[in-house]
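Each remark here refers to the structure printed beneath this line.
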Amino acid sequence: MVSKNQIKLITSLQQKKYRTANKLFFAEGVKVIRELLESNFVLEHLYSTQNDFEEVSNERKTIIDDSDLKKISALTTANTCLAVFKMPAEKQIIEKGLVLALDSIRDPGNLGTILRLCDWFGISQVLCSKETVDLYNPKVVQATMGSISRVNVNYIDLNLFVAQTKLPVFGTFMDGTSIYKSALPADGVIIMGNEANGISTELEKLILNRLTIPRFGALQKTESLNVATATAIILSEFRRNS
C-alpha cells in the first residue's frame with residue numbers, strides 16, 4: 001500500500017516548488033525508469049503494480065495496486081510503475097564541441113524532445129534560460145524517454161554566458177542566412193528561441209551568426225516550424241558539416 005503521506009509527497013512533486021524543496025522528482029513507465037536506474041540518478045523509491053525490477057531491493061520497492069498507482073500518477077492513463085529519484089546537483093558547464101542553448105522554451109514536450117535529439121546527435125551540453133520549463137517537470141521527464149540521464153543541463157543567465165563565451169554563437173531567425181549555404185563549425189553555441197516569440201531582443205543583440213531554415217513551399221504561408229522540429233534540422237546540418 002501507499003500511505004497518505006507518500007501520496008501527498010509524490011503528487012506534490014508535480015509542482016516545481018515542491019520538487020525543489022524536497023530535491024526529488026518522479027518518472028513513470030518501465031523504459032524511462034530502467035534508463036534512470038542504469039544511470040547515476042539515485043532511486044528514492046519505486047512503486048509498481050508488477051513484481052518486476054528484481055535489481056531493486058525490497059527496501060526501495062513497494063508493490064501496489066492499480067487504484068493506488070492512479071492516485072500518484074501524473075498520466076491520464078497510469079502506466080505500471082512510478083519511481084521517485086533524487087535530483088542530482090548541476091554539473092559544471094562544458095564549453096566544448098556543440099552546445100545547445102534554449103531561450104525560454106515553455107512546452108514540456110518540446111524540451112523533452114529536444115533532449116532526446118541532443119542525445120541522438122551527441123550534444124552533451126544544454127544551457128537553459130531561467131525562464132525555460134523545469135527539467136524535472138513530469139512531462140519533460142516522460143518526453144525524454146531516458147535521455148535526461150545522458151545530457152548535461154544547466155539553468156543560467158544566457159545573456160551573460162553568450163557575452164563571455166569564446167565559442168562562436170549561432171542563432172535561428174526567420175531572416176538569417178540559409179543553413180544549407182552556411183559553413184558550420186564543429187564547435188559553437190546554437191541558440192533556439194521561444195515557441196511564440198523566438199530569441200529575445202536582448203539576446204539577439206549578442207548573436208553575430210544568424211541562421212534560418214528556408215521555406216520551399218510555393219505559397220510561403222507557413223509562419224514557423226515547431227522548435228523541436230527546427231532543432232532536429234539544425235543539429236543534423238551541424239553534424240553533417242562537422
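By order of appearance in the C-alpha cells: chains A, B, ..., then residues from 1 within every chain, and ligands from 1 in the order shown.
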Within 8 Å of region 72-76 of chain A using only C-alpha atoms, minus same-chain residues under 3 positions, as a ChimeraX atom specification: /A:7,10-11,14,28,68-69,79,82,138
Spatial neighbours of region 159-167 of chain A, 12 Å, only C-alpha atoms, chain gap at least 6 places, as a PyMOL selection string: chain A and resi 93-103+127-130+185-191+199-209
Distance criterion (only C-alpha atoms): nearest to Met174 (chain A) out of A:Lys4, A:Arg34, A:Arg210, A:Lys17: A:Arg210
Pick out the residues sitting within 12 Å of Leu36 (chain A), and hand them over as a PDB file with N, CA, C and O atoms, in the first residue's frame; count only C-alpha atoms, and ignore anything fewer than 3 positions along from it in its own chain.
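File selection.pdb, as written:
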ATOM      1  N   PHE A  25      12.202  14.125  -7.781  1.00  0.00           N
ATOM      2  CA  PHE A  25      11.321  14.145  -8.945  1.00  0.00           C
ATOM      3  C   PHE A  25      10.887  12.714  -9.215  1.00  0.00           C
ATOM      4  O   PHE A  25      11.435  11.774  -8.630  1.00  0.00           O
ATOM      5  N   PHE A  26       9.901  12.520 -10.092  1.00  0.00           N
ATOM      6  CA  PHE A  26       9.491  11.149 -10.385  1.00  0.00           C
ATOM      7  C   PHE A  26       9.410  10.895 -11.883  1.00  0.00           C
ATOM      8  O   PHE A  26       9.293  11.819 -12.700  1.00  0.00           O
ATOM      9  N   ALA A  27       9.511   9.627 -12.224  1.00  0.00           N
ATOM     10  CA  ALA A  27       9.415   9.164 -13.612  1.00  0.00           C
ATOM     11  C   ALA A  27       8.420   8.020 -13.660  1.00  0.00           C
ATOM     12  O   ALA A  27       8.246   7.293 -12.671  1.00  0.00           O
ATOM     13  N   GLU A  28       7.772   7.854 -14.812  1.00  0.00           N
ATOM     14  CA  GLU A  28       6.787   6.783 -14.978  1.00  0.00           C
ATOM     15  C   GLU A  28       7.088   5.948 -16.220  1.00  0.00           C
ATOM     16  O   GLU A  28       7.570   6.458 -17.226  1.00  0.00           O
ATOM     17  N   GLY A  29       6.795   4.662 -16.112  1.00  0.00           N
ATOM     18  CA  GLY A  29       6.992   3.767 -17.255  1.00  0.00           C
ATOM     19  C   GLY A  29       8.255   2.949 -17.141  1.00  0.00           C
ATOM     20  O   GLY A  29       9.290   3.431 -16.657  1.00  0.00           O
ATOM     21  N   VAL A  30       8.186   1.705 -17.582  1.00  0.00           N
ATOM     22  CA  VAL A  30       9.309   0.768 -17.449  1.00  0.00           C
ATOM     23  C   VAL A  30      10.556   1.277 -18.150  1.00  0.00           C
ATOM     24  O   VAL A  30      11.651   1.269 -17.566  1.00  0.00           O
ATOM     25  N   LYS A  31      10.429   1.745 -19.404  1.00  0.00           N
ATOM     26  CA  LYS A  31      11.601   2.160 -20.171  1.00  0.00           C
ATOM     27  C   LYS A  31      12.337   3.313 -19.501  1.00  0.00           C
ATOM     28  O   LYS A  31      13.559   3.267 -19.313  1.00  0.00           O
ATOM     29  N   VAL A  32      11.606   4.364 -19.161  1.00  0.00           N
ATOM     30  CA  VAL A  32      12.231   5.540 -18.555  1.00  0.00           C
ATOM     31  C   VAL A  32      12.878   5.176 -17.224  1.00  0.00           C
ATOM     32  O   VAL A  32      14.025   5.564 -16.943  1.00  0.00           O
ATOM     33  N   ILE A  33      12.169   4.435 -16.403  1.00  0.00           N
ATOM     34  CA  ILE A  33      12.699   4.072 -15.088  1.00  0.00           C
ATOM     35  C   ILE A  33      13.946   3.211 -15.224  1.00  0.00           C
ATOM     36  O   ILE A  33      14.938   3.425 -14.511  1.00  0.00           O
ATOM     37  N   SER A  39      21.598   4.700 -14.764  1.00  0.00           N
ATOM     38  CA  SER A  39      22.404   5.923 -14.819  1.00  0.00           C
ATOM     39  C   SER A  39      22.925   6.266 -13.421  1.00  0.00           C
ATOM     40  O   SER A  39      22.876   5.447 -12.507  1.00  0.00           O
ATOM     41  N   ASN A  40      23.380   7.506 -13.277  1.00  0.00           N
ATOM     42  CA  ASN A  40      23.885   7.963 -11.979  1.00  0.00           C
ATOM     43  C   ASN A  40      22.796   8.530 -11.076  1.00  0.00           C
ATOM     44  O   ASN A  40      23.089   8.970  -9.961  1.00  0.00           O
ATOM     45  N   PHE A  41      21.550   8.521 -11.547  1.00  0.00           N
ATOM     46  CA  PHE A  41      20.458   9.001 -10.706  1.00  0.00           C
ATOM     47  C   PHE A  41      20.244   8.036  -9.534  1.00  0.00           C
ATOM     48  O   PHE A  41      20.330   6.820  -9.698  1.00  0.00           O
ATOM     49  N   VAL A  42      19.958   8.595  -8.385  1.00  0.00           N
ATOM     50  CA  VAL A  42      19.779   7.795  -7.169  1.00  0.00           C
ATOM     51  C   VAL A  42      18.287   7.571  -6.909  1.00  0.00           C
ATOM     52  O   VAL A  42      17.515   8.533  -6.787  1.00  0.00           O
ATOM     53  N   LEU A  43      17.891   6.310  -6.822  1.00  0.00           N
ATOM     54  CA  LEU A  43      16.496   5.957  -6.568  1.00  0.00           C
ATOM     55  C   LEU A  43      16.128   6.220  -5.117  1.00  0.00           C
ATOM     56  O   LEU A  43      16.825   5.803  -4.195  1.00  0.00           O
ATOM     57  N   GLU A  44      15.003   6.902  -4.924  1.00  0.00           N
ATOM     58  CA  GLU A  44      14.443   7.086  -3.592  1.00  0.00           C
ATOM     59  C   GLU A  44      13.481   5.938  -3.292  1.00  0.00           C
ATOM     60  O   GLU A  44      13.610   5.277  -2.263  1.00  0.00           O
ATOM     61  N   LEU A  46      10.567   3.001  -5.502  1.00  0.00           N
ATOM     62  CA  LEU A  46       9.877   2.520  -6.694  1.00  0.00           C
ATOM     63  C   LEU A  46       8.521   1.939  -6.300  1.00  0.00           C
ATOM     64  O   LEU A  46       8.414   1.178  -5.344  1.00  0.00           O
ATOM     65  N   LEU A  82       5.938   3.722 -11.143  1.00  0.00           N
ATOM     66  CA  LEU A  82       6.374   5.096 -10.911  1.00  0.00           C
ATOM     67  C   LEU A  82       7.551   5.039  -9.950  1.00  0.00           C
ATOM     68  O   LEU A  82       7.515   4.304  -8.960  1.00  0.00           O
ATOM     69  N   ALA A  83       8.593   5.809 -10.240  1.00  0.00           N
ATOM     70  CA  ALA A  83       9.776   5.811  -9.372  1.00  0.00           C
ATOM     71  C   ALA A  83      10.136   7.238  -8.996  1.00  0.00           C
ATOM     72  O   ALA A  83      10.123   8.135  -9.837  1.00  0.00           O
ATOM     73  N   VAL A  84      10.462   7.429  -7.742  1.00  0.00           N
ATOM     74  CA  VAL A  84      10.906   8.729  -7.239  1.00  0.00           C
ATOM     75  C   VAL A  84      12.432   8.700  -7.159  1.00  0.00           C
ATOM     76  O   VAL A  84      13.020   7.762  -6.613  1.00  0.00           O
ATOM     77  N   PHE A  85      13.058   9.726  -7.730  1.00  0.00           N
ATOM     78  CA  PHE A  85      14.518   9.819  -7.736  1.00  0.00           C
ATOM     79  C   PHE A  85      14.974  11.111  -7.069  1.00  0.00           C
ATOM     80  O   PHE A  85      14.237  12.100  -7.019  1.00  0.00           O
ATOM     81  N   LYS A  86      16.198  11.091  -6.580  1.00  0.00           N
ATOM     82  CA  LYS A  86      16.799  12.297  -6.020  1.00  0.00           C
ATOM     83  C   LYS A  86      17.299  13.173  -7.162  1.00  0.00           C
ATOM     84  O   LYS A  86      17.857  12.678  -8.135  1.00  0.00           O
ATOM     85  N   MET A  87      17.106  14.478  -7.022  1.00  0.00           N
ATOM     86  CA  MET A  87      17.602  15.407  -8.033  1.00  0.00           C
ATOM     87  C   MET A  87      19.109  15.591  -7.841  1.00  0.00           C
ATOM     88  O   MET A  87      19.542  15.964  -6.751  1.00  0.00           O
ATOM     89  N   PRO A  88      19.900  15.322  -8.869  1.00  0.00           N
ATOM     90  CA  PRO A  88      21.350  15.490  -8.728  1.00  0.00           C
ATOM     91  C   PRO A  88      21.732  16.969  -8.772  1.00  0.00           C
ATOM     92  O   PRO A  88      20.974  17.807  -9.286  1.00  0.00           O
ATOM     93  N   VAL A 141      10.328  14.851 -18.197  1.00  0.00           N
ATOM     94  CA  VAL A 141      10.986  13.575 -17.904  1.00  0.00           C
ATOM     95  C   VAL A 141      10.425  12.480 -18.796  1.00  0.00           C
ATOM     96  O   VAL A 141      11.170  11.675 -19.374  1.00  0.00           O
ATOM     97  N   GLN A 142       9.106  12.458 -18.939  1.00  0.00           N
ATOM     98  CA  GLN A 142       8.450  11.440 -19.761  1.00  0.00           C
ATOM     99  C   GLN A 142       8.878  11.555 -21.218  1.00  0.00           C
ATOM    100  O   GLN A 142       9.165  10.559 -21.884  1.00  0.00           O
ATOM    101  N   THR A 144      11.582  12.770 -22.496  1.00  0.00           N
ATOM    102  CA  THR A 144      12.997  12.474 -22.779  1.00  0.00           C
ATOM    103  C   THR A 144      13.232  10.989 -23.008  1.00  0.00           C
ATOM    104  O   THR A 144      14.240  10.609 -23.606  1.00  0.00           O
ATOM    105  N   MET A 145      12.339  10.146 -22.505  1.00  0.00           N
ATOM    106  CA  MET A 145      12.475   8.687 -22.653  1.00  0.00           C
ATOM    107  C   MET A 145      13.835   8.180 -22.171  1.00  0.00           C
ATOM    108  O   MET A 145      14.422   7.284 -22.765  1.00  0.00           O
ATOM    109  N   GLY A 146      14.360   8.812 -21.129  1.00  0.00           N
ATOM    110  CA  GLY A 146      15.619   8.360 -20.544  1.00  0.00           C
ATOM    111  C   GLY A 146      16.817   9.208 -20.920  1.00  0.00           C
ATOM    112  O   GLY A 146      17.872   9.117 -20.275  1.00  0.00           O
ATOM    113  N   SER A 147      16.698  10.030 -21.958  1.00  0.00           N
ATOM    114  CA  SER A 147      17.836  10.862 -22.397  1.00  0.00           C
ATOM    115  C   SER A 147      18.231  11.889 -21.349  1.00  0.00           C
ATOM    116  O   SER A 147      19.347  12.413 -21.386  1.00  0.00           O
ATOM    117  N   ILE A 148      17.338  12.180 -20.415  1.00  0.00           N
ATOM    118  CA  ILE A 148      17.644  13.103 -19.324  1.00  0.00           C
ATOM    119  C   ILE A 148      18.892  12.667 -18.553  1.00  0.00           C
ATOM    120  O   ILE A 148      19.607  13.489 -17.979  1.00  0.00           O
ATOM    121  N   SER A 149      19.185  11.384 -18.567  1.00  0.00           N
ATOM    122  CA  SER A 149      20.334  10.857 -17.820  1.00  0.00           C
ATOM    123  C   SER A 149      21.642  10.967 -18.593  1.00  0.00           C
ATOM    124  O   SER A 149      22.706  10.704 -18.035  1.00  0.00           O
ATOM    125  N   ARG A 150      21.580  11.363 -19.874  1.00  0.00           N
ATOM    126  CA  ARG A 150      22.794  11.385 -20.698  1.00  0.00           C
ATOM    127  C   ARG A 150      23.151  12.762 -21.250  1.00  0.00           C
ATOM    128  O   ARG A 150      24.104  12.891 -22.015  1.00  0.00           O
TER     129      ARG A 150
END
Straight-line distance linking CA of Thr62 (chain A) with CA of Leu135 (chain A), stated in Å to one decimal: 26.1 Å
DSSP alpha helix (DSSP H) residues within chain A, listed as a ChimeraX atom specification: /A:4-12,16-22,30-37,66-72,108-121,138-144,158-164,201-204,227-241
Spatial neighbours of Phe173 (chain A), max dist 9 Å, only C-alpha atoms, sep filter under 4 positions, as an MDAnalysis selection string: chainID A and resid 177 192:193 198:199 210:213
Shortest interatomic distance to Ala183 (chain A) - which of A:Asp119, A:Asn241, A:Val2, A:Phe216, counting only C-alpha atoms: A:Asn241
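Counting from CA of Thr113 (chain A), the distance to CA of Ala228 (chain A) is 6.4 Å.
With only C-alpha atoms as the atoms that count, the residue of A:Pro214, A:Thr20, A:Pro108, A:Leu158 with the shortest distance to Asn137 (chain A) is A:Pro108.
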Straight-line distance linking CA of Asp107 (chain A) with CA of Asp66 (chain A), stated in Å to one decimal: 29.0 Å
Sel. of strand (DSSP E or B) residues, region 43-218 of chain A, as a PyMOL selection string: chain A and resi 43-48+61-63+81-86+98-102+125-129+152-156+169-178+188-192+194+198+209-212
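Distances to Leu111 (chain A) were evaluated for A:Glu237, A:Asp65, A:Glu55, A:Glu195 using only C-alpha atoms, and the minimum falls at A:Glu195.
The smallest atom-to-atom distance between Ser3 (chain A) and any of A:Ile105, A:Ile64, A:Leu24, A:Val56, using only C-alpha atoms, is found for A:Ile64.
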